[in-house]
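K.L.:
Got a structure for you, entry.cif, holding mmCIF, C-alpha atoms.
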```
data_model
loop_
_atom_site.group_PDB
_atom_site.id
_atom_site.type_symbol
_atom_site.label_atom_id
_atom_site.label_comp_id
_atom_site.auth_asym_id
_atom_site.auth_seq_id
_atom_site.Cartn_x
_atom_site.Cartn_y
_atom_site.Cartn_z
ATOM 1 C CA MET A 1 0.000 0.000 0.000
ATOM 2 C CA ASP A 2 1.321 3.450 -0.940
ATOM 3 C CA SER A 3 1.938 5.619 2.045
ATOM 4 C CA LYS A 4 0.469 9.084 2.008
ATOM 5 C CA PRO A 5 2.881 12.004 2.379
ATOM 6 C CA ALA A 6 2.884 13.611 5.798
ATOM 7 C CA PRO A 7 0.935 16.868 5.852
ATOM 8 C CA SER A 8 3.245 19.889 5.624
ATOM 9 C CA ALA A 9 3.389 22.255 8.542
ATOM 10 C CA GLU A 10 1.301 25.357 8.044
ATOM 11 C CA LYS A 11 3.498 28.242 6.968
ATOM 12 C CA THR A 12 3.636 31.195 9.358
ATOM 13 C CA PRO A 13 2.128 34.236 7.637
ATOM 14 C CA HIS A 14 4.519 37.116 6.996
ATOM 15 C CA ARG A 15 3.702 40.271 8.932
ATOM 16 C CA ALA A 16 4.837 43.761 8.002
ATOM 17 C CA GLY A 17 3.714 47.271 8.754
ATOM 18 C CA PHE A 18 4.475 50.880 9.546
ATOM 19 C CA VAL A 19 4.921 51.559 13.259
ATOM 20 C CA ASN A 20 5.003 55.303 13.786
ATOM 21 C CA ILE A 21 6.358 56.945 16.931
ATOM 22 C CA ILE A 22 4.470 60.066 18.072
ATOM 23 C CA GLY A 23 4.783 62.256 21.151
ATOM 24 C CA SER A 24 5.648 65.608 22.683
ATOM 25 C CA PRO A 25 9.153 67.067 22.377
ATOM 26 C CA ASN A 26 11.808 65.585 24.652
ATOM 27 C CA VAL A 27 9.860 62.545 25.930
ATOM 28 C CA GLY A 28 12.440 60.086 24.554
ATOM 29 C CA LYS A 29 11.046 59.127 21.127
ATOM 30 C CA SER A 30 14.454 59.096 19.451
ATOM 31 C CA THR A 31 16.050 57.096 22.266
ATOM 32 C CA LEU A 32 13.263 54.535 21.927
ATOM 33 C CA MET A 33 13.602 54.408 18.137
ATOM 34 C CA ASN A 34 17.346 53.769 18.369
ATOM 35 C CA GLN A 35 16.796 51.044 20.973
ATOM 36 C CA LEU A 36 14.203 49.314 18.816
ATOM 37 C CA VAL A 37 16.271 49.516 15.629
ATOM 38 C CA GLY A 38 19.606 48.742 17.279
ATOM 39 C CA GLU A 39 21.346 51.655 15.533
ATOM 40 C CA ARG A 40 21.673 55.356 16.277
ATOM 41 C CA LEU A 41 19.549 56.777 13.478
ATOM 42 C CA SER A 42 17.954 59.684 15.356
ATOM 43 C CA ILE A 43 19.608 62.491 17.295
ATOM 44 C CA ILE A 44 19.524 61.916 21.052
ATOM 45 C CA ASN A 45 20.021 65.150 22.946
ATOM 46 C CA ARG A 46 18.764 66.704 26.167
ATOM 47 C CA LYS A 47 17.495 69.728 24.269
ATOM 48 C CA ALA A 48 13.876 69.614 23.047
ATOM 49 C CA GLN A 49 12.789 69.519 19.397
ATOM 50 C CA THR A 50 15.959 67.818 18.166
ATOM 51 C CA THR A 51 14.172 65.647 15.568
ATOM 52 C CA ARG A 52 13.057 67.678 12.559
ATOM 53 C CA HIS A 53 12.407 65.039 9.905
ATOM 54 C CA ARG A 54 10.521 61.774 9.754
ATOM 55 C CA ILE A 55 13.223 59.112 10.011
ATOM 56 C CA MET A 56 12.518 55.487 9.137
ATOM 57 C CA GLY A 57 14.306 52.578 10.781
ATOM 58 C CA ILE A 58 13.700 49.108 9.355
ATOM 59 C CA VAL A 59 13.971 45.908 11.410
ATOM 60 C CA SER A 60 13.359 42.536 9.778
ATOM 61 C CA GLY A 61 13.000 38.946 10.902
ATOM 62 C CA GLU A 62 12.389 35.770 8.916
ATOM 63 C CA ASP A 63 8.622 36.215 8.851
ATOM 64 C CA TRP A 64 8.167 39.871 9.792
ATOM 65 C CA GLN A 65 9.308 43.412 9.043
ATOM 66 C CA ILE A 66 8.757 46.520 11.171
ATOM 67 C CA VAL A 67 9.153 49.932 9.538
ATOM 68 C CA TYR A 68 9.551 52.380 12.402
ATOM 69 C CA SER A 69 9.202 56.139 11.943
ATOM 70 C CA ASP A 70 10.605 58.637 14.411
ATOM 71 C CA THR A 71 8.801 61.970 14.071
ATOM 72 C CA PRO A 72 9.297 65.528 15.355
ATOM 73 C CA GLY A 73 7.704 66.347 18.689
ATOM 74 C CA VAL A 74 4.136 67.590 18.343
ATOM 75 C CA LEU A 75 3.803 71.347 18.818
ATOM 76 C CA THR A 76 1.927 74.439 17.656
ATOM 77 C CA PRO A 77 3.978 75.776 14.703
ATOM 78 C CA ALA A 78 5.567 79.217 15.047
ATOM 79 C CA TYR A 79 7.132 79.401 11.563
ATOM 80 C CA LYS A 80 7.193 77.461 8.287
ATOM 81 C CA LEU A 81 9.959 75.080 9.379
ATOM 82 C CA GLN A 82 7.743 73.892 12.244
ATOM 83 C CA GLU A 83 4.766 73.683 9.865
ATOM 84 C CA GLY A 84 6.863 71.287 7.809
ATOM 85 C CA MET A 85 7.782 69.322 10.933
ATOM 86 C CA MET A 86 4.104 68.957 11.860
ATOM 87 C CA ARG A 87 3.379 67.800 8.308
ATOM 88 C CA PHE A 88 5.595 64.777 9.089
ATOM 89 C CA VAL A 89 3.531 64.140 12.229
ATOM 90 C CA ARG A 90 0.232 64.309 10.325
ATOM 91 C CA SER A 91 1.469 61.912 7.648
ATOM 92 C CA ALA A 92 2.642 59.512 10.364
ATOM 93 C CA LEU A 93 -0.854 59.554 11.869
ATOM 94 C CA SER A 94 -2.490 58.841 8.525
ATOM 95 C CA ASP A 95 -0.338 55.948 7.292
ATOM 96 C CA ALA A 96 0.366 54.052 10.526
ATOM 97 C CA ASP A 97 -0.528 50.385 10.895
ATOM 98 C CA LEU A 98 0.328 50.770 14.577
ATOM 99 C CA LEU A 99 0.942 53.916 16.591
ATOM 100 C CA LEU A 100 3.492 54.121 19.399
ATOM 101 C CA LEU A 101 2.442 57.124 21.465
ATOM 102 C CA VAL A 102 5.324 58.039 23.774
ATOM 103 C CA THR A 103 4.759 60.100 26.922
ATOM 104 C CA ASP A 104 6.983 60.432 29.950
ATOM 105 C CA HIS A 105 6.568 59.876 33.667
ATOM 106 C CA GLU A 106 5.371 63.463 34.267
ATOM 107 C CA GLU A 107 3.112 64.065 31.276
ATOM 108 C CA ASP A 108 -0.691 64.183 31.579
ATOM 109 C CA THR A 109 -1.377 65.087 27.935
ATOM 110 C CA ILE A 110 0.610 65.609 24.764
ATOM 111 C CA ALA A 111 1.803 69.049 23.665
ATOM 112 C CA ASP A 112 -0.745 69.527 20.864
ATOM 113 C CA ASP A 113 -4.463 69.158 21.640
ATOM 114 C CA ASP A 114 -5.462 68.631 17.982
ATOM 115 C CA THR A 115 -3.057 65.700 17.634
ATOM 116 C CA LEU A 116 -4.383 64.091 20.809
ATOM 117 C CA GLU A 117 -7.962 64.475 19.576
ATOM 118 C CA LYS A 118 -7.070 62.819 16.262
ATOM 119 C CA ILE A 119 -5.466 59.893 18.073
ATOM 120 C CA GLN A 120 -8.536 59.493 20.290
ATOM 121 C CA LYS A 121 -10.835 59.354 17.242
ATOM 122 C CA MET A 122 -8.772 57.222 14.833
ATOM 123 C CA ASP A 123 -9.149 53.440 14.550
ATOM 124 C CA THR A 124 -5.441 52.631 14.288
ATOM 125 C CA PRO A 125 -4.175 50.433 17.162
ATOM 126 C CA VAL A 126 -2.245 52.383 19.797
ATOM 127 C CA ILE A 127 0.452 51.250 22.195
ATOM 128 C CA LEU A 128 1.032 54.042 24.703
ATOM 129 C CA LEU A 129 4.437 54.013 26.360
ATOM 130 C CA ILE A 130 5.134 55.862 29.593
ATOM 131 C CA ASN A 131 8.853 56.523 29.315
ATOM 132 C CA LYS A 132 11.457 57.396 31.968
ATOM 133 C CA VAL A 133 9.670 55.355 34.623
ATOM 134 C CA ASP A 134 13.030 54.850 36.335
ATOM 135 C CA LEU A 135 12.543 58.427 37.590
ATOM 136 C CA SER A 136 9.206 57.654 39.312
ATOM 137 C CA SER A 137 7.919 55.436 42.091
ATOM 138 C CA GLN A 138 5.776 52.391 41.349
ATOM 139 C CA GLU A 139 2.743 54.168 42.801
ATOM 140 C CA GLU A 140 3.253 57.188 40.553
ATOM 141 C CA VAL A 141 3.593 54.950 37.496
ATOM 142 C CA GLU A 142 0.349 53.126 38.325
ATOM 143 C CA VAL A 143 -1.487 56.465 38.643
ATOM 144 C CA ARG A 144 -0.113 57.530 35.265
ATOM 145 C CA ILE A 145 -1.163 54.230 33.634
ATOM 146 C CA ALA A 146 -4.730 54.621 34.928
ATOM 147 C CA HIS A 147 -4.837 58.216 33.695
ATOM 148 C CA TRP A 148 -3.828 57.317 30.134
ATOM 149 C CA LYS A 149 -6.155 54.323 29.967
ATOM 150 C CA GLU A 150 -9.021 56.697 30.782
ATOM 151 C CA LEU A 151 -7.832 59.285 28.244
ATOM 152 C CA ILE A 152 -7.353 56.794 25.379
ATOM 153 C CA PRO A 153 -9.383 53.691 26.336
ATOM 154 C CA ARG A 154 -8.365 51.529 23.365
ATOM 155 C CA ALA A 155 -4.639 52.043 23.966
ATOM 156 C CA GLU A 156 -2.449 49.385 25.550
ATOM 157 C CA VAL A 157 -0.363 51.190 28.168
ATOM 158 C CA HIS A 158 3.129 50.015 29.102
ATOM 159 C CA PRO A 159 5.832 51.564 31.306
ATOM 160 C CA VAL A 160 9.328 51.665 29.759
ATOM 161 C CA SER A 161 12.725 53.229 30.168
ATOM 162 C CA ALA A 162 14.130 53.660 26.675
ATOM 163 C CA LEU A 163 17.445 54.939 28.029
ATOM 164 C CA HIS A 164 18.019 51.830 30.147
ATOM 165 C CA GLY A 165 16.209 49.336 27.898
ATOM 166 C CA PHE A 166 13.581 48.474 30.530
ATOM 167 C CA ASN A 167 10.597 46.648 28.925
ATOM 168 C CA VAL A 168 11.915 47.347 25.402
ATOM 169 C CA ASP A 169 12.556 43.714 24.360
ATOM 170 C CA PRO A 170 9.006 42.500 25.223
ATOM 171 C CA LEU A 171 7.698 45.490 23.263
ATOM 172 C CA MET A 172 9.161 44.069 20.042
ATOM 173 C CA ASP A 173 7.139 40.839 20.384
ATOM 174 C CA LEU A 174 3.978 42.819 21.112
ATOM 175 C CA ILE A 175 4.494 44.991 18.027
ATOM 176 C CA VAL A 176 5.092 42.014 15.707
ATOM 177 C CA ALA A 177 1.915 40.333 16.972
ATOM 178 C CA LYS A 178 -0.114 43.428 16.071
ATOM 179 C CA LEU A 179 1.232 43.852 12.525
ATOM 180 C CA PRO A 180 -1.058 43.037 9.598
ATOM 181 C CA GLU A 181 -0.242 40.165 7.245
ATOM 182 C CA ASN A 182 1.795 41.761 4.465
ATOM 183 C CA PRO A 183 4.915 41.001 2.428
ATOM 184 C CA ALA A 184 8.055 42.974 3.295
ATOM 185 C CA TYR A 185 8.027 46.585 2.109
ATOM 186 C CA PHE A 186 11.829 46.854 1.871
ATOM 187 C CA PRO A 187 14.709 44.427 1.234
ATOM 188 C CA LYS A 188 15.425 42.570 4.456
ATOM 189 C CA ASP A 189 18.978 43.949 4.719
ATOM 190 C CA GLU A 190 17.947 47.627 4.529
ATOM 191 C CA LEU A 191 18.152 49.700 7.704
ATOM 192 C CA THR A 192 16.623 53.036 6.674
ATOM 193 C CA ASP A 193 15.137 54.975 3.786
ATOM 194 C CA LYS A 194 17.422 57.991 4.309
ATOM 195 C CA PRO A 195 20.591 58.631 2.241
ATOM 196 C CA MET A 196 24.015 58.877 3.888
ATOM 197 C CA ARG A 197 24.148 62.656 3.412
ATOM 198 C CA PHE A 198 21.134 62.973 5.707
ATOM 199 C CA PHE A 199 22.882 61.171 8.564
ATOM 200 C CA ILE A 200 26.073 63.174 8.052
ATOM 201 C CA SER A 201 24.098 66.413 8.404
ATOM 202 C CA GLU A 202 22.287 65.075 11.482
ATOM 203 C CA ILE A 203 25.559 64.102 13.186
ATOM 204 C CA ILE A 204 26.956 67.606 12.612
ATOM 205 C CA ARG A 205 23.695 69.174 13.841
ATOM 206 C CA ASP A 206 23.868 66.986 16.948
ATOM 207 C CA LYS A 207 27.252 68.514 17.797
ATOM 208 C CA ILE A 208 25.806 72.015 17.404
ATOM 209 C CA LEU A 209 23.024 71.025 19.823
ATOM 210 C CA THR A 210 25.599 69.645 22.245
ATOM 211 C CA HIS A 211 28.121 72.484 22.229
ATOM 212 C CA CYS A 212 26.047 75.620 21.486
ATOM 213 C CA LYS A 213 23.495 77.173 23.807
ATOM 214 C CA GLN A 214 20.392 79.361 23.748
ATOM 215 C CA GLU A 215 18.723 79.878 20.369
ATOM 216 C CA VAL A 216 21.665 78.868 18.152
ATOM 217 C CA PRO A 217 20.813 75.131 17.745
ATOM 218 C CA TYR A 218 17.226 75.945 16.733
ATOM 219 C CA SER A 219 18.363 78.500 14.156
ATOM 220 C CA ALA A 220 20.913 76.172 12.554
ATOM 221 C CA GLU A 221 20.525 73.753 9.655
ATOM 222 C CA VAL A 222 23.284 71.654 8.110
ATOM 223 C CA VAL A 223 23.539 71.002 4.382
ATOM 224 C CA VAL A 224 26.053 68.454 3.058
ATOM 225 C CA GLU A 225 27.207 69.929 -0.242
ATOM 226 C CA SER A 226 29.755 67.273 -1.165
ATOM 227 C CA TYR A 227 30.219 63.603 -0.169
ATOM 228 C CA THR A 228 32.820 61.832 -2.314
ATOM 229 C CA SER A 229 35.056 58.773 -2.221
ATOM 230 C CA ASP A 230 38.851 58.890 -2.196
ATOM 231 C CA VAL A 231 41.802 56.900 -0.814
ATOM 232 C CA THR A 232 44.517 57.798 1.685
ATOM 233 C CA LYS A 233 48.224 57.713 0.837
ATOM 234 C CA GLU A 234 48.229 54.217 2.322
ATOM 235 C CA GLY A 235 45.466 53.135 -0.034
ATOM 236 C CA GLN A 236 42.689 53.054 2.604
ATOM 237 C CA PRO A 237 39.147 54.254 1.782
ATOM 238 C CA LEU A 238 38.596 57.947 2.550
ATOM 239 C CA ARG A 239 35.418 60.050 2.475
ATOM 240 C CA ARG A 240 35.710 63.742 1.655
ATOM 241 C CA ILE A 241 32.848 65.837 3.027
ATOM 242 C CA GLN A 242 32.006 69.502 2.637
ATOM 243 C CA ALA A 243 29.162 70.818 4.787
ATOM 244 C CA VAL A 244 27.607 74.214 5.422
ATOM 245 C CA ILE A 245 25.984 75.260 8.704
ATOM 246 C CA ASN A 246 23.253 77.813 7.984
ATOM 247 C CA VAL A 247 22.375 80.159 10.849
ATOM 248 C CA ALA A 248 19.869 83.019 11.032
ATOM 249 C CA ARG A 249 22.041 85.881 12.308
ATOM 250 C CA GLU A 250 25.607 87.159 12.177
ATOM 251 C CA SER A 251 25.825 86.905 15.978
ATOM 252 C CA GLN A 252 24.979 83.190 15.740
ATOM 253 C CA LYS A 253 27.705 82.694 13.123
ATOM 254 C CA LYS A 254 30.229 84.182 15.549
ATOM 255 C CA ILE A 255 29.056 81.797 18.287
ATOM 256 C CA VAL A 256 29.290 78.728 16.036
ATOM 257 C CA ILE A 257 32.769 79.689 14.844
ATOM 258 C CA GLY A 258 33.926 80.784 18.294
ATOM 259 C CA LYS A 259 36.897 82.877 19.354
ATOM 260 C CA GLY A 260 39.924 81.766 17.372
ATOM 261 C CA ALA A 261 37.630 79.226 15.583
ATOM 262 C CA VAL A 262 37.660 77.039 18.696
ATOM 263 C CA MET A 263 33.950 76.146 18.549
ATOM 264 C CA ILE A 264 33.803 75.184 14.868
ATOM 265 C CA ARG A 265 36.900 72.997 15.340
ATOM 266 C CA ARG A 266 35.247 71.292 18.309
ATOM 267 C CA ILE A 267 32.015 70.696 16.376
ATOM 268 C CA SER A 268 33.899 69.439 13.310
ATOM 269 C CA THR A 269 36.252 67.152 15.253
ATOM 270 C CA ASP A 270 33.487 65.551 17.323
ATOM 271 C CA ALA A 271 31.295 65.121 14.234
ATOM 272 C CA ARG A 272 34.126 63.605 12.198
ATOM 273 C CA ARG A 273 34.772 60.991 14.904
ATOM 274 C CA ASP A 274 31.105 59.989 15.005
ATOM 275 C CA ILE A 275 30.878 59.890 11.205
ATOM 276 C CA GLU A 276 33.952 57.658 10.989
ATOM 277 C CA ALA A 277 32.392 55.285 13.522
ATOM 278 C CA PHE A 278 29.074 55.360 11.637
ATOM 279 C CA ILE A 279 30.502 54.574 8.166
ATOM 280 C CA ASN A 280 33.636 52.693 9.330
ATOM 281 C CA GLU A 281 35.910 54.761 7.057
ATOM 282 C CA LYS A 282 38.375 57.608 7.488
ATOM 283 C CA VAL A 283 36.880 61.049 6.889
ATOM 284 C CA PHE A 284 38.317 64.365 5.761
ATOM 285 C CA MET A 285 35.735 67.061 6.427
ATOM 286 C CA GLU A 286 35.440 70.809 5.860
ATOM 287 C CA VAL A 287 32.651 72.698 7.609
ATOM 288 C CA PHE A 288 31.681 76.285 6.770
ATOM 289 C CA VAL A 289 29.209 78.649 8.459
ATOM 290 C CA LYS A 290 26.861 80.907 6.501
ATOM 291 C CA VAL A 291 24.231 83.447 7.535
ATOM 292 C CA ASP A 292 20.850 82.839 5.905
ATOM 293 C CA THR A 293 18.467 85.172 7.705
ATOM 294 C CA ASN A 294 15.116 83.773 6.622
ATOM 295 C CA TRP A 295 15.769 80.098 5.944
ATOM 296 C CA ARG A 296 13.166 78.870 8.469
ATOM 297 C CA ASP A 297 10.391 80.726 6.598
ATOM 298 C CA ASP A 298 11.673 80.376 3.019
ATOM 299 C CA GLU A 299 9.439 77.826 1.264
ATOM 300 C CA ARG A 300 11.893 77.234 -1.591
ATOM 301 C CA LYS A 301 14.775 76.493 0.771
ATOM 302 C CA LEU A 302 12.623 74.375 3.068
ATOM 303 C CA LYS A 303 11.543 72.319 0.034
ATOM 304 C CA SER A 304 15.189 71.788 -0.948
ATOM 305 C CA MET A 305 15.878 70.637 2.627
ATOM 306 C CA GLY A 306 12.979 68.167 2.500
ATOM 307 C CA TYR A 307 10.623 69.913 4.947
ATOM 308 C CA LEU A 308 7.927 70.882 2.448
ATOM 309 C CA ASP A 309 6.533 69.265 -0.713
#
```
Now that the file is in, can you turn its structure into structure tokens?

P.N.:
Amino acid sequence: MDSKPAPSAEKTPHRAGFVNIIGSPNVGKSTLMNQLVGERLSIINRKAQTTRHRIMGIVSGEDWQIVYSDTPGVLTPAYKLQEGMMRFVRSALSDADLLLLVTDHEEDTIADDDTLEKIQKMDTPVILLINKVDLSSQEEVEVRIAHWKELIPRAEVHPVSALHGFNVDPLMDLIVAKLPENPAYFPKDELTDKPMRFFISEIIRDKILTHCKQEVPYSAEVVVESYTSDVTKEGQPLRRIQAVINVARESQKKIVIGKGAVMIRRISTDARRDIEAFINEKVFMEVFVKVDTNWRDDERKLKSMGYLD
């Protein structure tokens, strides 16, 4: 008698989706994004409003793919640059398969009422993360969890500490389970949708945020004008980079350059080290500073920088 073939095991469906990270400025969205992706794709800085663009980080497994998006902190725009930043937030709300709403241990609501109202009304699944819980007592965290469950009843609320990795690993399994059944959107070995020039400019901007104070970091934008390949005298790969830091006033240019050019050397040296670590190649970099008084309200320039369509 012919034996029948053993039934094949049922294939696990492939899950993929867009998981968009939303929240107020400075609640730890970028720290969380970098923890989830396993790479430093977004600026992490103590200053608020450090993320200006929508930055995708792609994580793939054998039968799943998560496309994370880090977004600017929600706010009420004061000029066209911030209008462009909020455009990234609105698009992240509209195309999310799953929303990660990040708050912190002290926050009772997010910084923009309209955005909160949209989240309350939309049907997209929401995982609400209370970040920085290492700075609160257990009782305070439980009060905050109850508050957010009342404010957004359909949200799953979880305490985390993105900085210390607390509850981040279980979050990955929860996210995968909530993804729709879809094929992968990107090749499995891709990490992000952004070009290298973008990350070079973000690393330089991070050093401006770190070393400069007051209004200077918020009036500065970095444009990478040249990114070329070369070799050292020893035949090792070398990247040659030319970048321009745009600031809004002559006084800000003087601050960024510093007395005896000390500040611009510090910014350039620290950025070059991080860029070399990021691309694993030697870097020769020239950084210039230029005054561009109205760049934050100039639609043409903001379009060229990717803030506006």

K.L.:
In Å, how far is it from CA of Ser60 (chain A) to CA of Lys188 (chain A)?

P.N.:
5.7 Å

K.L.:
Exactly which residues make up the result of the PyMOL selection byres ((chain A and resi 86-90) around 7) on this file, given as a compact mmCIF listing (two decimals) with C-alpha atoms, keeping the file's coordinate frame?

P.N.:
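Output contents, as saved in result16.txt:
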```
# COMPACT_ATOMS: atom_id res chain seq x y z
CA HIS A 53 12.41 65.04 9.90
CA ARG A 54 10.52 61.77 9.75
CA THR A 71 8.80 61.97 14.07
CA PRO A 72 9.30 65.53 15.36
CA VAL A 74 4.14 67.59 18.34
CA GLN A 82 7.74 73.89 12.24
CA GLU A 83 4.77 73.68 9.86
CA GLY A 84 6.86 71.29 7.81
CA MET A 85 7.78 69.32 10.93
CA SER A 91 1.47 61.91 7.65
CA ALA A 92 2.64 59.51 10.36
CA LEU A 93 -0.85 59.55 11.87
CA SER A 94 -2.49 58.84 8.52
```

K.L.:
What do you get, as a VMD selection string, if you spell out every residue that the PyMOL selection byres ((chain A and resi 220) around 12) selects here?

P.N.:
chain A and resid 50 52 81 201 to 202 204 to 209 212 to 219 221 to 223 244 to 250 252 to 253 255 to 256 289 to 296

K.L.:
Find the spatial neighbours of Asn167 (chain A), counting all atoms listed in the file, within a cut-off of 12 Å - ignore same-chain residues fewer than 5 positions away - and output them as a compact mmCIF listing (two decimals) with C-alpha atoms, in the coordinates of the input.

P.N.:
```
# COMPACT_ATOMS: atom_id res chain seq x y z
CA LEU A 32 13.26 54.54 21.93
CA GLN A 35 16.80 51.04 20.97
CA LEU A 36 14.20 49.31 18.82
CA LEU A 129 4.44 54.01 26.36
CA ILE A 130 5.13 55.86 29.59
CA ASN A 131 8.85 56.52 29.32
CA LYS A 132 11.46 57.40 31.97
CA VAL A 133 9.67 55.36 34.62
CA ASP A 134 13.03 54.85 36.34
CA VAL A 157 -0.36 51.19 28.17
CA HIS A 158 3.13 50.02 29.10
CA PRO A 159 5.83 51.56 31.31
CA VAL A 160 9.33 51.66 29.76
CA SER A 161 12.72 53.23 30.17
CA ALA A 162 14.13 53.66 26.68
CA MET A 172 9.16 44.07 20.04
CA ASP A 173 7.14 40.84 20.38
CA LEU A 174 3.98 42.82 21.11
```

K.L.:
For Asp230 (chain A), which residue out of A:Lys282, A:Arg265, A:His147, A:Lys254 is the nearest one, using only C-alpha atoms?

P.N.:
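Smallest distance to Asp230 (chain A) is found for A:Lys282.
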
K.L.:
Translate the PyMOL selection byres ((chain A and resi 192) around 9) into a concrete residue list for this structure, as a list in words.

P.N.:
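For this structure, the PyMOL selection byres ((chain A and resi 192) around 9) captures Leu41, Ile55, Met56, Gly57, Ile58, Val59, Val67, Glu190, Leu191, Asp193, Lys194 and Pro195 of chain A.
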
K.L.:
CA of His14 (chain A) and CA of Glu62 (chain A), how far apart in Å?

P.N.:
8.2 Å

K.L.:
Kindly indicate which residue among A:Lys118, A:Leu308, A:Leu98, A:Met263 lies nearest to Thr210 (chain A), using all atoms listed in the file for the distances.

P.N.:
A:Met263

K.L.:
Would you list the residues near (7.2, 78.5, 6.6), meaning any protein, DNA or RNA residue with an atom at most 6 Å from that point in file coordinates, counting only C-alpha atoms, as number ranges by chain?

P.N.:
A: 79-81, 297, 299

K.L.:
I'd like the contact shell of Phe18 (chain A) - 9 Å cut-off, only C-alpha atoms, skipping same-chain residues fewer than 2 positions apart - returned as an mmCIF file with C-alpha atoms, in the frame of the given file.

P.N.:
```
data_model
loop_
_atom_site.group_PDB
_atom_site.id
_atom_site.type_symbol
_atom_site.label_atom_id
_atom_site.label_comp_id
_atom_site.auth_asym_id
_atom_site.auth_seq_id
_atom_site.Cartn_x
_atom_site.Cartn_y
_atom_site.Cartn_z
ATOM 1 C CA ALA A 16 4.837 43.761 8.002
ATOM 2 C CA ASN A 20 5.003 55.303 13.786
ATOM 3 C CA GLN A 65 9.308 43.412 9.043
ATOM 4 C CA ILE A 66 8.757 46.520 11.171
ATOM 5 C CA VAL A 67 9.153 49.932 9.538
ATOM 6 C CA TYR A 68 9.551 52.380 12.402
ATOM 7 C CA SER A 69 9.202 56.139 11.943
ATOM 8 C CA ALA A 92 2.642 59.512 10.364
ATOM 9 C CA ASP A 95 -0.338 55.948 7.292
ATOM 10 C CA ALA A 96 0.366 54.052 10.526
ATOM 11 C CA ASP A 97 -0.528 50.385 10.895
ATOM 12 C CA LEU A 98 0.328 50.770 14.577
ATOM 13 C CA LEU A 99 0.942 53.916 16.591
ATOM 14 C CA LEU A 179 1.232 43.852 12.525
#
```

K.L.:
What separation in Å, quoted to one decimal, exists between CA of Val287 (chain A) and CA of Ile241 (chain A)?

P.N.:
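Spanning CA of Val287 (chain A) to CA of Ile241 (chain A) is a straight-line distance of 8.3 Å.
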
K.L.:
Which one of A:Arg239, A:His211, A:Arg154, A:Arg273 sits closest to Met196 (chain A) if you count all atoms listed in the file?

P.N.:
A:Arg239

K.L.:
Can you save region 50-86 of chain A of the given block to a file, including C-alpha atoms and formatted as a tab-separated table (two decimals), in the first residue's frame?

P.N.:
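out-v6.tsv written:
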```
chain	number	residue	atom	x	y	z
A	50	THR	CA	15.96	67.82	18.17
A	51	THR	CA	14.17	65.65	15.57
A	52	ARG	CA	13.06	67.68	12.56
A	53	HIS	CA	12.41	65.04	9.91
A	54	ARG	CA	10.52	61.77	9.75
A	55	ILE	CA	13.22	59.11	10.01
A	56	MET	CA	12.52	55.49	9.14
A	57	GLY	CA	14.31	52.58	10.78
A	58	ILE	CA	13.70	49.11	9.36
A	59	VAL	CA	13.97	45.91	11.41
A	60	SER	CA	13.36	42.54	9.78
A	61	GLY	CA	13.00	38.95	10.90
A	62	GLU	CA	12.39	35.77	8.92
A	63	ASP	CA	8.62	36.21	8.85
A	64	TRP	CA	8.17	39.87	9.79
A	65	GLN	CA	9.31	43.41	9.04
A	66	ILE	CA	8.76	46.52	11.17
A	67	VAL	CA	9.15	49.93	9.54
A	68	TYR	CA	9.55	52.38	12.40
A	69	SER	CA	9.20	56.14	11.94
A	70	ASP	CA	10.61	58.64	14.41
A	71	THR	CA	8.80	61.97	14.07
A	72	PRO	CA	9.30	65.53	15.35
A	73	GLY	CA	7.70	66.35	18.69
A	74	VAL	CA	4.14	67.59	18.34
A	75	LEU	CA	3.80	71.35	18.82
A	76	THR	CA	1.93	74.44	17.66
A	77	PRO	CA	3.98	75.78	14.70
A	78	ALA	CA	5.57	79.22	15.05
A	79	TYR	CA	7.13	79.40	11.56
A	80	LYS	CA	7.19	77.46	8.29
A	81	LEU	CA	9.96	75.08	9.38
A	82	GLN	CA	7.74	73.89	12.24
A	83	GLU	CA	4.77	73.68	9.86
A	84	GLY	CA	6.86	71.29	7.81
A	85	MET	CA	7.78	69.32	10.93
A	86	MET	CA	4.10	68.96	11.86
```
